[in-house]
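Next comes final15.cif, with mmCIF, C-alpha atoms.
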data_model
#
loop_
_atom_site.label_atom_id
_atom_site.label_comp_id
_atom_site.auth_asym_id
_atom_site.auth_seq_id
_atom_site.Cartn_x
_atom_site.Cartn_y
_atom_site.Cartn_z
CA MET A 1 79.73 61.03 308.50
CA TYR A 2 80.21 62.44 305.17
CA SER A 3 82.23 62.80 302.03
CA SER A 4 82.17 65.43 299.34
CA PHE A 5 83.70 65.09 295.87
CA SER A 6 84.04 68.52 294.39
CA ASN A 7 86.02 69.81 291.41
CA GLY A 8 83.58 69.00 288.63
CA PHE A 9 86.09 69.88 285.87
CA ALA A 10 88.62 67.28 286.99
CA LYS A 11 85.81 64.79 287.36
CA LYS A 12 84.58 65.35 283.79
CA GLY A 13 88.12 64.81 282.51
CA LEU A 14 88.41 61.62 284.52
CA VAL A 15 85.09 60.39 283.09
CA ILE A 16 86.27 60.95 279.50
CA ILE A 17 89.69 59.35 280.06
CA THR A 18 88.18 56.37 281.83
CA LEU A 19 85.59 55.86 279.11
CA LEU A 20 88.28 55.95 276.41
CA ILE A 21 90.46 53.47 278.27
CA MET A 22 87.58 51.17 279.05
CA LEU A 23 85.98 51.18 275.61
CA GLN A 24 89.15 50.49 273.64
CA PRO A 25 90.02 47.00 274.88
CA SER A 26 86.39 46.03 275.36
CA MET A 27 85.81 46.03 271.61
CA ALA A 28 88.64 43.59 271.16
CA SER A 29 87.29 41.30 273.81
CA GLU A 30 83.80 41.39 272.36
CA LEU A 31 85.20 40.36 268.99
CA SER A 32 86.98 37.44 270.56
CA VAL A 33 83.75 36.33 272.19
CA GLN A 34 82.11 36.21 268.79
CA LYS A 35 84.42 33.46 267.59
CA SER A 36 82.55 30.90 265.61
CA THR A 37 81.29 27.85 267.37
CA LYS A 38 79.83 26.43 264.22
CA LEU A 39 81.80 23.38 263.33
CA PRO A 40 80.17 22.14 260.13
CA LEU A 41 81.02 18.64 259.13
CA ASN A 42 79.95 18.26 255.50
CA ASP A 43 77.02 20.63 254.79
CA SER A 44 75.47 20.64 258.25
CA ARG A 45 75.11 23.84 260.22
CA PHE A 46 75.02 23.68 264.00
CA SER A 47 75.35 26.63 266.35
CA ALA A 48 75.11 27.35 270.04
CA GLN A 49 74.03 30.82 271.19
CA PRO A 50 75.42 32.27 273.33
CA SER A 51 78.67 30.54 272.51
CA ASN A 52 80.34 31.77 275.66
CA CYS A 53 78.91 31.58 279.17
CA ILE A 54 80.38 34.20 281.49
CA ALA A 55 80.44 33.90 285.27
CA LEU A 56 81.85 36.44 287.70
CA ARG A 57 84.70 34.49 289.27
CA HIS A 58 87.04 31.75 288.17
CA GLY A 59 85.76 28.30 288.97
CA ARG A 60 82.17 29.34 289.49
CA THR A 61 79.39 27.40 287.75
CA CYS A 62 78.04 29.39 284.83
CA TYR A 63 74.35 29.46 283.98
CA ALA A 64 72.79 30.24 280.60
CA ASN A 65 69.89 29.28 278.40
CA VAL A 66 71.69 28.17 275.25
CA THR A 67 69.84 27.94 271.96
CA LEU A 68 71.16 24.99 269.93
CA SER A 69 70.16 25.35 266.26
CA TRP A 70 70.96 23.02 263.42
CA ASN A 71 70.03 22.31 259.83
CA ASN A 72 71.09 19.71 257.30
CA PRO A 73 70.18 19.25 253.65
CA ILE A 74 69.31 15.60 254.26
CA LYS A 75 65.97 15.01 255.95
CA GLN A 76 66.23 12.11 258.39
CA ASP A 77 66.26 11.27 262.16
CA TYR A 78 68.78 13.18 264.30
CA CYS A 79 69.70 13.29 267.98
CA LEU A 80 71.58 15.88 270.00
CA TYR A 81 74.13 14.78 272.63
CA ILE A 82 76.72 16.20 274.98
CA LYS A 83 80.13 14.99 273.84
CA GLN A 84 81.55 12.59 276.40
CA PRO A 85 84.51 10.73 274.88
CA LYS A 86 84.91 8.44 277.90
CA LEU A 87 81.42 7.01 277.49
CA LYS A 88 80.23 4.53 274.91
CA PHE A 89 77.48 5.67 272.60
CA THR A 90 74.98 3.36 274.28
CA GLN A 91 75.68 5.07 277.63
CA LEU A 92 74.82 8.53 276.32
CA SER A 93 71.41 10.03 276.77
CA ALA A 94 70.16 12.41 274.12
CA ILE A 95 69.24 16.01 274.90
CA LYS A 96 66.59 15.77 272.20
CA CYS A 97 65.80 13.68 269.12
CA TRP A 98 63.91 14.65 265.98
CA LYS A 99 62.29 12.35 263.45
CA ASN A 100 62.44 13.02 259.72
CA SER A 101 63.77 16.57 260.11
CA ASN A 102 66.35 18.73 258.31
CA GLY A 103 66.52 21.57 260.83
CA ASN A 104 65.41 22.43 264.32
CA GLN A 105 66.40 24.06 267.59
CA VAL A 106 66.23 23.45 271.32
CA ILE A 107 66.90 25.54 274.43
CA PHE A 108 69.49 23.91 276.65
CA ASN A 109 69.78 24.84 280.32
CA PHE A 110 73.55 25.27 280.57
CA GLU A 111 75.06 24.81 284.07
CA SER A 112 78.77 24.11 284.07
CA ASP A 113 82.15 25.42 285.22
CA LYS A 114 83.86 24.23 282.03
CA LYS A 115 83.09 24.15 278.31
CA ILE A 116 80.51 21.74 276.95
CA GLU A 117 80.71 20.32 273.45
CA PHE A 118 77.52 19.28 271.69
CA GLN A 119 77.18 16.74 268.91
CA LEU A 120 74.43 16.25 266.37
CA LEU A 121 74.24 12.60 265.34
CA SER A 122 72.42 10.90 262.53
CA SER A 123 70.19 8.32 264.23
CA THR A 124 70.40 5.98 261.29
CA ASP A 125 74.17 5.43 261.15
CA LYS A 126 75.22 7.01 264.52
CA ARG A 127 77.56 9.31 262.61
CA VAL A 128 78.51 12.73 264.03
CA VAL A 129 76.99 15.22 261.63
CA ALA A 130 78.03 18.47 263.34
CA GLU A 131 79.51 19.83 266.55
CA ALA A 132 79.17 23.05 268.54
CA VAL A 133 80.77 24.23 271.75
CA VAL A 134 79.86 26.59 274.57
CA ASP A 135 82.92 27.95 276.41
CA VAL A 136 83.00 29.19 279.98
CA SER A 137 84.93 32.29 280.98
CA TRP A 138 85.09 34.58 283.97
CA VAL A 139 85.25 38.33 284.53
CA HIS A 140 87.73 37.88 287.39
CA LYS A 141 90.25 35.31 286.20
CA ALA A 142 92.28 35.09 289.40
CA THR A 143 90.76 33.89 292.64
CA PRO A 144 90.60 36.85 294.97
CA ARG A 145 90.84 36.39 298.65
CA LYS A 146 87.67 36.74 300.58
CA ARG A 147 87.30 40.43 301.16
CA ARG A 148 85.31 42.75 303.26
CA TRP A 149 83.53 45.11 300.94
CA ARG A 150 81.29 47.99 301.62
CA ILE A 151 79.39 50.18 299.21
CA PHE A 152 79.51 53.46 301.14
CA MET B 1 94.95 66.13 328.98
CA LEU B 2 93.77 62.70 330.09
CA LYS B 3 92.30 62.06 326.63
CA ASN B 4 95.58 62.98 324.94
CA SER B 5 97.50 60.70 327.26
CA LEU B 6 95.12 57.84 326.51
CA ASN B 7 95.47 58.39 322.77
CA ILE B 8 99.25 58.48 322.94
CA LEU B 9 99.18 55.33 325.09
CA MET B 10 96.92 53.61 322.59
CA ALA B 11 99.09 54.61 319.61
CA LEU B 12 102.21 53.40 321.41
CA SER B 13 100.55 50.08 322.34
CA LEU B 14 99.44 49.62 318.77
CA SER B 15 102.92 50.38 317.42
CA LEU B 16 104.40 47.90 319.89
CA ILE B 17 101.96 45.14 318.84
CA LEU B 18 102.63 45.83 315.17
CA THR B 19 106.42 45.86 315.63
CA ILE B 20 106.41 42.57 317.52
CA SER B 21 104.01 40.93 315.08
CA SER B 22 105.84 42.20 311.99
CA GLY B 23 109.13 40.75 313.22
CA LYS B 24 107.56 37.33 313.43
CA VAL B 25 106.13 37.48 309.96
CA PHE B 26 109.25 38.75 308.21
CA ALA B 27 111.03 35.70 309.59
CA ALA B 28 108.42 33.30 308.24
CA ASP B 29 106.84 34.32 304.98
CA PRO B 30 103.07 33.92 305.21
CA LYS B 31 101.69 30.91 303.42
CA HIS B 32 99.37 31.68 300.54
CA ASP B 33 98.02 28.25 299.80
CA ASN B 34 94.46 28.99 300.78
CA GLU B 35 91.67 31.24 299.76
CA THR B 36 92.48 33.95 302.28
CA THR B 37 95.31 35.33 300.18
CA VAL B 38 94.64 38.05 297.65
CA PHE B 39 95.81 35.80 294.86
CA ASP B 40 97.61 32.53 295.14
CA LYS B 41 100.86 34.11 294.00
CA THR B 42 103.78 36.00 295.48
CA PHE B 43 103.15 39.01 293.28
CA SER B 44 99.99 39.99 291.55
CA TRP B 45 98.03 43.02 290.54
CA ARG B 46 94.70 43.87 289.07
CA PHE B 47 93.35 47.04 287.52
CA MET B 48 89.71 48.00 287.11
CA GLY B 49 87.67 50.99 286.12
CA GLY B 50 84.13 51.77 287.15
CA ILE B 51 81.41 54.23 286.32
CA SER B 52 78.29 54.49 288.41
CA GLY B 53 75.27 56.60 289.10
CA VAL B 54 74.91 57.34 292.78
CA TYR B 55 72.09 58.67 294.89
CA ASP B 56 74.08 59.81 297.88
CA GLN B 57 72.26 61.48 300.73
CA SER B 58 74.47 63.65 302.90
CA PRO B 59 73.95 64.03 306.65
CA ILE B 60 75.32 67.59 306.51
CA LYS B 61 72.60 70.20 306.90
CA GLY B 62 71.93 72.02 303.62
CA ASP B 63 74.08 69.76 301.49
CA LYS B 64 72.41 67.97 298.62
CA GLN B 65 73.25 66.58 295.21
CA SER B 66 72.50 69.16 292.53
CA GLU B 67 74.94 68.98 289.59
CA PHE B 68 75.13 66.09 287.11
CA GLU B 69 78.64 65.30 288.41
CA ASP B 70 77.24 64.79 291.90
CA TYR B 71 75.35 61.76 290.64
CA LEU B 72 78.19 60.33 288.58
CA HIS B 73 81.11 58.55 290.17
CA VAL B 74 84.15 57.37 288.27
CA SER B 75 86.70 55.13 289.86
CA LEU B 76 90.00 53.59 288.84
CA LEU B 77 90.67 50.67 291.12
CA PHE B 78 94.06 49.08 291.58
CA ASP B 79 94.96 46.00 293.61
CA LEU B 80 98.55 45.11 294.29
CA TYR B 81 99.87 42.23 296.31
CA TYR B 82 103.46 41.35 297.13
CA LYS B 83 104.61 38.87 299.77
CA GLY B 84 101.93 39.72 302.26
CA PHE B 85 101.87 43.45 301.57
CA PHE B 86 98.71 44.56 299.89
CA MET B 87 97.12 47.64 298.49
CA GLN B 88 93.52 47.05 297.58
CA SER B 89 90.56 49.02 296.48
CA ASN B 90 87.03 48.31 297.43
CA HIS B 91 85.44 47.10 294.21
CA ARG B 92 81.94 47.80 295.33
CA ARG B 93 82.63 51.36 296.21
CA SER B 94 81.55 53.78 293.57
CA SER B 95 84.48 56.08 294.16
CA ALA B 96 87.87 54.81 295.22
CA ALA B 97 88.98 58.34 295.90
CA THR B 98 87.15 58.50 299.20
CA LEU B 99 87.09 55.51 301.52
CA GLY B 100 87.83 52.78 299.04
CA GLY B 101 91.54 52.21 299.29
CA GLU B 102 93.40 50.41 302.00
CA ILE B 103 96.97 49.30 302.44
CA GLY B 104 98.22 46.67 304.81
CA TYR B 105 100.27 43.65 305.63
CA GLU B 106 99.11 40.13 306.40
CA LEU B 107 100.53 39.28 309.80
CA ILE B 108 98.97 35.85 310.16
CA VAL B 109 97.11 33.92 307.47
CA LYS B 110 95.21 30.80 308.47
CA GLU B 111 92.60 28.74 306.70
CA SER B 112 89.69 30.30 308.55
CA TRP B 113 91.08 33.57 309.87
CA GLU B 114 93.58 36.28 309.22
CA LEU B 115 95.22 39.16 311.08
CA ASP B 116 96.38 42.21 309.15
CA ILE B 117 97.93 45.56 309.83
CA ILE B 118 95.65 47.96 308.05
CA SER B 119 95.64 51.63 307.14
CA LYS B 120 92.62 53.29 305.57
CA ALA B 121 90.34 56.28 305.86
CA TYR B 122 87.67 55.38 308.39
CA VAL B 123 85.85 58.68 308.33
CA PRO B 124 85.41 60.90 305.27
CA GLY B 125 86.19 64.55 305.68
CA TYR B 126 84.32 67.53 304.33
CA GLU B 127 85.08 71.08 303.35
CA PRO B 128 82.21 73.41 304.34
CA SER B 129 83.36 76.14 301.94
CA ASP B 130 83.24 73.69 299.01
CA ILE B 131 79.76 72.50 300.00
CA ILE B 132 78.57 76.12 300.12
CA ASP B 133 80.20 76.82 296.72
CA ASN B 134 78.47 73.81 295.19
CA ASN B 135 75.18 74.91 296.67
CA ASP B 136 73.55 77.91 295.01
CA SER B 137 72.71 79.62 298.29
CA ASP B 138 74.52 80.11 301.59
CA ILE B 139 74.29 77.42 304.27
CA PRO B 140 74.44 79.34 307.59
CA THR B 141 75.26 76.26 309.69
CA LEU B 142 78.37 75.64 307.58
CA SER B 143 79.47 79.21 307.04
CA GLY B 144 82.80 79.85 308.77
CA LEU B 145 83.18 76.24 309.84
CA GLU B 146 86.67 74.80 309.60
CA ASP B 147 87.50 71.97 307.18
CA ARG B 148 87.39 68.43 308.49
CA GLY B 149 90.16 66.31 307.00
CA TYR B 150 89.93 62.60 306.31
CA GLY B 151 89.99 60.32 309.32
CA ARG B 152 92.78 58.03 308.14
CA GLY B 153 93.81 55.52 310.74
CA ILE B 154 96.20 52.68 311.34
CA GLY B 155 95.27 49.55 313.19
CA VAL B 156 94.76 45.83 313.13
CA ARG B 157 92.07 43.85 311.34
CA TYR B 158 90.94 40.42 312.36
CA SER B 159 88.94 38.59 309.70
CA HIS B 160 87.15 35.31 310.14
CA PHE B 161 86.12 33.42 307.02
CA TYR B 162 83.14 31.13 306.74
CA GLN B 163 81.89 29.23 303.71
CA ASN B 164 80.17 32.21 302.08
CA SER B 165 80.70 34.89 304.71
CA VAL B 166 83.36 37.06 306.23
CA LEU B 167 83.35 38.79 309.60
CA SER B 168 85.99 41.42 310.16
CA VAL B 169 86.87 43.64 313.07
CA ASP B 170 89.14 46.68 312.79
CA ILE B 171 90.58 48.51 315.76
CA ALA B 172 92.37 51.61 314.57
CA SER B 173 93.90 54.72 315.99
CA LEU B 174 93.36 57.94 314.03
CA ALA B 175 95.87 59.90 316.09
CA PRO B 176 99.05 59.20 314.08
CA LEU B 177 97.64 60.02 310.63
CA SER B 178 94.73 62.37 311.12
CA LYS B 179 93.83 65.65 312.76
CA ALA B 180 91.08 63.72 314.47
CA ASP B 181 92.56 62.09 317.52
CA GLY B 182 90.87 59.09 319.05
CA TRP B 183 90.10 55.67 317.75
CA VAL B 184 87.59 53.65 315.80
CA ALA B 185 86.25 50.11 316.14
CA ASP B 186 84.64 48.81 312.99
CA ILE B 187 82.80 45.50 312.66
CA PHE B 188 81.50 44.29 309.32
CA TYR B 189 79.76 41.08 308.32
CA SER B 190 79.16 40.16 304.72
CA HIS B 191 77.31 37.10 303.46
CA LEU B 192 77.36 35.99 299.83
CA VAL B 193 74.23 34.52 298.31
CA PRO B 194 75.08 33.16 294.85
CA TYR B 195 72.08 32.93 292.53
CA ARG B 196 72.83 31.66 289.01
CA ASN B 197 75.35 34.17 287.62
CA TRP B 198 74.53 36.78 290.27
CA ASP B 199 76.61 37.44 293.38
CA ILE B 200 74.35 38.95 296.03
CA TYR B 201 76.02 40.22 299.19
CA LEU B 202 74.09 41.00 302.35
CA GLY B 203 76.07 43.16 304.74
CA ALA B 204 75.79 44.65 308.20
CA GLY B 205 78.26 46.99 309.82
CA PHE B 206 78.75 48.78 313.11
CA THR B 207 81.35 51.47 313.64
CA TYR B 208 82.13 52.96 317.04
CA TYR B 209 83.77 56.37 317.15
CA SER B 210 85.56 57.55 320.28
CA ALA B 211 84.64 60.98 321.64
CA ASP B 212 87.65 62.67 320.01
CA VAL B 213 86.56 61.43 316.59
CA THR B 214 82.96 62.61 316.80
CA ASP B 215 84.08 65.88 318.43
CA TYR B 216 86.33 66.56 315.46
CA PHE B 217 83.83 65.68 312.73
CA VAL B 218 80.46 66.86 314.06
CA GLY B 219 81.38 68.93 317.10
CA VAL B 220 81.34 72.72 317.20
CA ASN B 221 84.22 74.31 319.08
CA ASN B 222 84.27 77.72 320.74
CA ASP B 223 85.82 79.40 317.70
CA GLU B 224 83.04 78.12 315.45
CA VAL B 225 80.04 79.15 317.55
CA SER B 226 77.52 81.36 315.76
CA SER B 227 73.85 82.33 316.20
CA VAL B 228 72.73 79.24 314.28
CA ARG B 229 75.56 76.99 315.47
CA PRO B 230 75.82 76.56 319.22
CA PHE B 231 78.77 74.96 320.97
CA TYR B 232 78.49 71.20 320.69
CA GLU B 233 80.63 68.46 322.19
CA PRO B 234 78.96 65.17 321.25
CA GLY B 235 81.01 62.49 323.00
CA SER B 236 81.38 59.03 321.50
CA GLY B 237 79.05 57.85 318.76
CA TYR B 238 78.31 55.09 316.32
CA GLN B 239 77.13 54.31 312.84
CA ALA B 240 75.15 51.18 311.99
CA GLN B 241 74.72 50.08 308.37
CA LEU B 242 72.74 47.52 306.44
CA GLU B 243 73.42 46.90 302.79
CA ILE B 244 72.58 44.76 299.80
CA PHE B 245 74.96 44.59 296.88
CA ALA B 246 74.62 42.60 293.66
CA GLN B 247 76.98 41.90 290.77
CA HIS B 248 76.29 40.29 287.42
CA PRO B 249 78.64 39.64 284.49
CA ILE B 250 77.90 41.49 281.26
CA SER B 251 80.85 40.29 279.17
CA GLN B 252 84.33 38.88 279.76
CA ASN B 253 85.49 42.28 281.02
CA TRP B 254 82.38 44.06 282.20
CA SER B 255 80.15 43.50 285.17
CA PHE B 256 77.02 45.27 286.36
CA ASN B 257 76.87 46.39 289.99
CA ALA B 258 74.00 47.63 292.10
CA GLY B 259 73.76 48.34 295.78
CA ILE B 260 71.76 50.04 298.49
CA THR B 261 72.93 51.04 301.94
CA GLN B 262 70.89 52.27 304.88
CA SER B 263 72.84 54.05 307.63
CA TYR B 264 71.80 54.93 311.15
CA TYR B 265 73.69 57.19 313.52
CA SER B 266 73.77 57.64 317.27
CA ASP B 267 71.97 60.58 318.89
CA THR B 268 75.30 62.14 319.71
CA ILE B 269 75.93 62.52 315.98
CA ASN B 270 72.33 63.27 314.99
CA ASP B 271 71.99 66.06 317.59
CA SER B 272 74.89 68.06 316.13
CA PRO B 273 73.85 71.45 314.69
CA ILE B 274 75.84 70.55 311.57
CA ILE B 275 73.78 67.44 310.91
CA GLY B 276 70.58 67.70 308.88
CA LYS B 277 69.66 64.13 307.99
CA GLN B 278 69.60 61.41 310.55
CA HIS B 279 69.13 58.18 308.65
CA LEU B 280 70.68 57.96 305.22
CA THR B 281 69.83 55.91 302.16
CA LYS B 282 72.41 55.58 299.43
CA VAL B 283 71.93 53.79 296.13
CA MET B 284 74.49 52.89 293.49
CA LEU B 285 74.09 51.50 289.94
CA GLY B 286 77.11 51.05 287.76
CA VAL B 287 79.45 49.03 285.63
CA LEU B 288 82.96 47.80 286.31
CA TYR B 289 85.59 47.01 283.71
CA VAL B 290 88.30 44.48 284.59
CA PHE B 291 91.50 45.01 282.57
#

Turn the structure described in the file into C-alpha cells.
Amino acid sequence: MYSSFSNGFAKKGLVIITLLIMLQPSMASELSVQKSTKLPLNDSRFSAQPSNCIALRHGRTCYANVTLSWNNPIKQDYCLYIKQPKLKFTQLSAIKCWKNSNGNQVIFNFESDKKIEFQLLSSTDKRVVAEAVVDVSWVHKATPRKRRWRIF
Amino acid sequence: MLKNSLNILMALSLSLILTISSGKVFAADPKHDNETTVFDKTFSWRFMGGISGVYDQSPIKGDKQSEFEDYLHVSLLFDLYYKGFFMQSNHRRSSAATLGGEIGYELIVKESWELDIISKAYVPGYEPSDIIDNNDSDIPTLSGLEDRGYGRGIGVRYSHFYQNSVLSVDIASLAPLSKADGWVADIFYSHLVPYRNWDIYLGAGFTYYSADVTDYFVGVNNDEVSSVRPFYEPGSGYQAQLEIFAQHPISQNWSFNAGITQSYYSDTINDSPIIGKQHLTKVMLGVLYVF
C-alpha cells in the first residue's frame, strides 16, 4: 500500500527552510567541539585528536581511534598515562613510553562512556609535563524510551 | 450490512476498553522510572530535522519516481511527552508527513511491557489524479479512479521490551477516523545490534488488513470499472516486511541514517488491477539533525 508526496514547489521550500534552520546552529556546535584540549604545562605541547568522541545515545560507550601527539623542547624519557587520581603512580600502567625523545605520537583505542584525561610524564622525575582530554558526548542527550521504528 | 455491524461493534468495544482503561490511569499517574517512558520526566520534547535520498518503489501500476523531488525527502520531527500523553515521530522514517507520526497515551507502563492507546495512519492513501499529473503520460488503470484517503486508525498497542529488542502489537479500527472501514492488526519486532558507534536495527513486520481495508485501498468498485480496470473485491490481505536500519553519529547534532526495507504482499493485494509491483524494495540514505 502506497503513499505519494506531490506538490514539488512546497517541498522545495521546505528543503530550503530546513537546510537554513539546520545549518545555522550546527556551525555553533562544531565550533564548540573544536575547543582546545591542549593543556601545555611549561613549553610542552600535547593534543588528542579527535578531542570529542560522539556516540548516538546518552550513556552509550563511545569508540574512537584517538591520536595522542606530544612534543617537548627537552629530549629525555617520557611515558603516557591515563589520569587516575585514586591510584598511586606505581599502580598505573603506561599506554606507551619513549626513550630519549622530544616528540612522538600514538594511536589510542578509545572505549569509554565518560571523558578520559591523558598525562605525559617525565620518566626521570615522574613530573606531569602535559595533559590532554577526550570528552564524550551524545547526539541524543535524553534517554528515549524503547520505540518501535519502521523505515517505510 | 453484517460487515458494518461488525465494524460498529468493534469500534464500540474498543471505545469501551479505552474508556475503562483511561479512568484507571488518570487516577494513578503512570510511573516513569524505567526505560519504557519517552523520557524520564513529566514533560519533555525534542525537535529534529532530516533530509534523505529515497529510492521508493510504488506498488501502483504506472507510478514511478521521476522528478528530483521524488527522491528527496525532508522531514521535521517533533516529539512531545506530558504525563503519559505522547506525540512522537518515527525518527527512521524519511518523511514524517506520511506514516511517521503517532499520538497516544500510556495506559500501563511496566518494566518489561507497556499498553498504550494509539492513533496513527496505518495505510497511506493515494490520489490517482496526482500520480497521473506527476507522470508524463496517462495511466489508464488510474484514470477516473477515486482518491484513497489515509487509513488513520485508533487502537491499542501492546509492547514488550527485551534487552535489545522490542515486540509490539497494534490492534486498530480505521472506522472512526478513515473512509476505509475495517481494522488492522500490526506486529513489529525490532532488534538492536550495537557495533562500536553504530546502531544497527533488524526489523520484521506483519500487518493484517481486514477485507474492508483492502477493498477500499486496492479494490475496484462498480463505479470505477473500465475496459482496463475490472471489478475487484480482494477480501482481507497482508503485508510482510523485513528491514535493516543503521545510524551513526556525525557530530554532536548530526547523525547519518541508512535503511533498506523489503515488502511482500498477499495475493489479494497483488492481484488488484491497480497494483503493478508485487514485492517492493525501498532504500533510504540521509542525515538527521537533533536540535

Exercise. Decode the PyMOL selection byres ((chain B and resi 119) around 6) for the given file into explicit residues and return them as a PyMOL selection string.
Key: chain B and resi 102-103+118+120+153-154

Self-check item: Selection dump of the PyMOL selection byres ((chain A and resi 54-69) around 6), as a ChimeraX atom specification
Solution: /A:46-50,53,70,104-113,136-141 /B:196-197,249

Quiz item: With only C-alpha atoms as the atoms that count, which of B:Ile200, B:Leu167, B:Ala211, B:Val228 lies nearest to chain A?
Solution: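 Result for the nearest residue to chain A: B:Leu167.
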
Quiz item: How far is it from CA of Ile187 in chain B to CA of Gly203 in chain B, in Å with one decimal?
Solution: 10.7 Å

Quiz item: So which one's closest to Asp56 in chain B, B:Val218, B:Val287, B:Val169, B:Ile260? Using only C-alpha atoms, please.
Solution: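 Nearest to Asp56 in chain B: B:Ile260.
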
Exercise. Determine the nearest neighbour of Gln76 in chain A from the options A:Thr90, A:Ser122, A:Asn52, A:Ser44, counting all atoms listed in the file.
Key: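 Nearest to Gln76 in chain A: A:Ser122.
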
I'd like the contact shell of Gln84 in chain A - 10 Å cut-off, only C-alpha atoms, skipping same-chain residues fewer than 3 positions apart - returned as a compact mmCIF listing (two decimals) with C-alpha atoms, in the frame of the given file.
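Final file, around_31.txt:
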# COMPACT_ATOMS: atom_id res chain seq x y z
CA TYR A 81 74.13 14.78 272.63
CA LEU A 87 81.42 7.01 277.49
CA LYS A 88 80.23 4.53 274.91
CA PHE A 89 77.48 5.67 272.60
CA GLN A 91 75.68 5.07 277.63
CA LEU A 92 74.82 8.53 276.32
CA ILE A 116 80.51 21.74 276.95
CA GLU A 117 80.71 20.32 273.45
CA PHE A 118 77.52 19.28 271.69
CA GLN A 119 77.18 16.74 268.91

Quiz item: Which is closest to Trp113 in chain B among B:Asp133, B:His160, B:Phe68, B:Phe86, if we use only C-alpha atoms?
Solution: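 Smallest distance to Trp113 in chain B is found for B:His160.
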
Carefully work through the PyMOL selection byres ((chain B and resi 274) around 7) for this structure and note down the residues it includes, as a compact mmCIF listing (two decimals) with C-alpha atoms, keeping the file's coordinate frame.
# COMPACT_ATOMS: atom_id res chain seq x y z
CA ILE B 60 75.32 67.59 306.51
CA LYS B 61 72.60 70.20 306.90
CA THR B 141 75.26 76.26 309.69
CA LEU B 142 78.37 75.64 307.58
CA VAL B 218 80.46 66.86 314.06
CA SER B 272 74.89 68.06 316.13
CA PRO B 273 73.85 71.45 314.69
CA ILE B 275 73.78 67.44 310.91
CA GLY B 276 70.58 67.70 308.88

Self-check item: B:Leu202, B:Ile117, B:Val123, B:Ala175 ranked by distance to chain A, top pick (using all atoms listed in the file)
Solution: B:Val123

Exercise. Compare B:Phe43, B:Ser236, B:Gly53, B:Ile171 by their minimum atom-to-atom distance to Phe256 in chain B, counting only C-alpha atoms, and give me the closest one.
Key: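 Of B:Phe43, B:Ser236, B:Gly53, B:Ile171, the one nearest Phe256 in chain B is B:Gly53, counting only C-alpha atoms.
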
Quiz item: What is the CA of Ala180 in chain B-CA of Lys64 in chain B distance in Å, reported with one decimal?
Solution: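 That distance, rounded to one decimal, is 24.9 Å.
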
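Summary of the local environment: counting only C-alpha atoms, residues at most 8 Å from Ala204 in chain B, other than itself and those fewer than 6 positions away along its chain, are B:Phe188, B:Tyr189, B:Ser190, B:Ala240, B:Gln241, B:Leu242, B:Glu243.
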
Quiz item: What does the distance between CA of Ile139 in chain B and CA of Pro59 in chain B come to in Å, to one decimal place?
Solution: 13.6 Å

Per-axis box centre and lengths in Å around range 77-92 of chain B, 4 Å margin per side, axis-aligned, as AutoDock Vina command-line options:
--center_x 93.3 --center_y 44.8 --center_z 296.7 --size_x 30.7 --size_y 19.8 --size_z 19.1

How would range 114-126 of chain B of the given structure read as a file with N, CA and C atoms, as a compact mmCIF listing (two decimals), in the first residue's frame?
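File part-v2.txt, as written:
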# COMPACT_ATOMS: atom_id res chain seq x y z
N GLU B 114 4.30 -2.59 28.07
CA GLU B 114 3.55 -1.34 28.11
C GLU B 114 2.30 -1.48 27.27
N LEU B 115 1.22 -0.81 27.69
CA LEU B 115 -0.02 -0.80 26.91
C LEU B 115 -0.40 0.66 26.65
N ASP B 116 -0.56 0.98 25.38
CA ASP B 116 -0.88 2.37 25.00
C ASP B 116 -2.18 2.41 24.20
N ILE B 117 -2.85 3.56 24.30
CA ILE B 117 -3.85 3.90 23.28
C ILE B 117 -3.05 4.57 22.18
N ILE B 118 -3.36 4.25 20.95
CA ILE B 118 -2.53 4.78 19.88
C ILE B 118 -3.41 5.23 18.70
N SER B 119 -3.01 6.31 18.08
CA SER B 119 -3.69 6.73 16.86
C SER B 119 -2.63 7.11 15.83
N LYS B 120 -2.70 6.51 14.69
CA LYS B 120 -1.73 6.78 13.62
C LYS B 120 -2.30 6.35 12.28
N ALA B 121 -1.64 6.74 11.23
CA ALA B 121 -2.05 6.32 9.89
C ALA B 121 -1.43 4.95 9.61
N TYR B 122 -2.27 3.96 9.47
CA TYR B 122 -1.76 2.60 9.23
C TYR B 122 -1.59 2.31 7.74
N VAL B 123 -2.36 3.00 6.94
CA VAL B 123 -2.26 2.77 5.49
C VAL B 123 -2.18 4.12 4.79
N PRO B 124 -1.16 4.32 3.95
CA PRO B 124 -1.07 5.59 3.22
C PRO B 124 -2.11 5.66 2.12
N GLY B 125 -2.59 6.84 1.87
CA GLY B 125 -3.55 6.99 0.79
C GLY B 125 -2.85 7.33 -0.51
N TYR B 126 -3.61 7.52 -1.55
CA TYR B 126 -3.04 7.98 -2.81
C TYR B 126 -4.10 8.68 -3.63
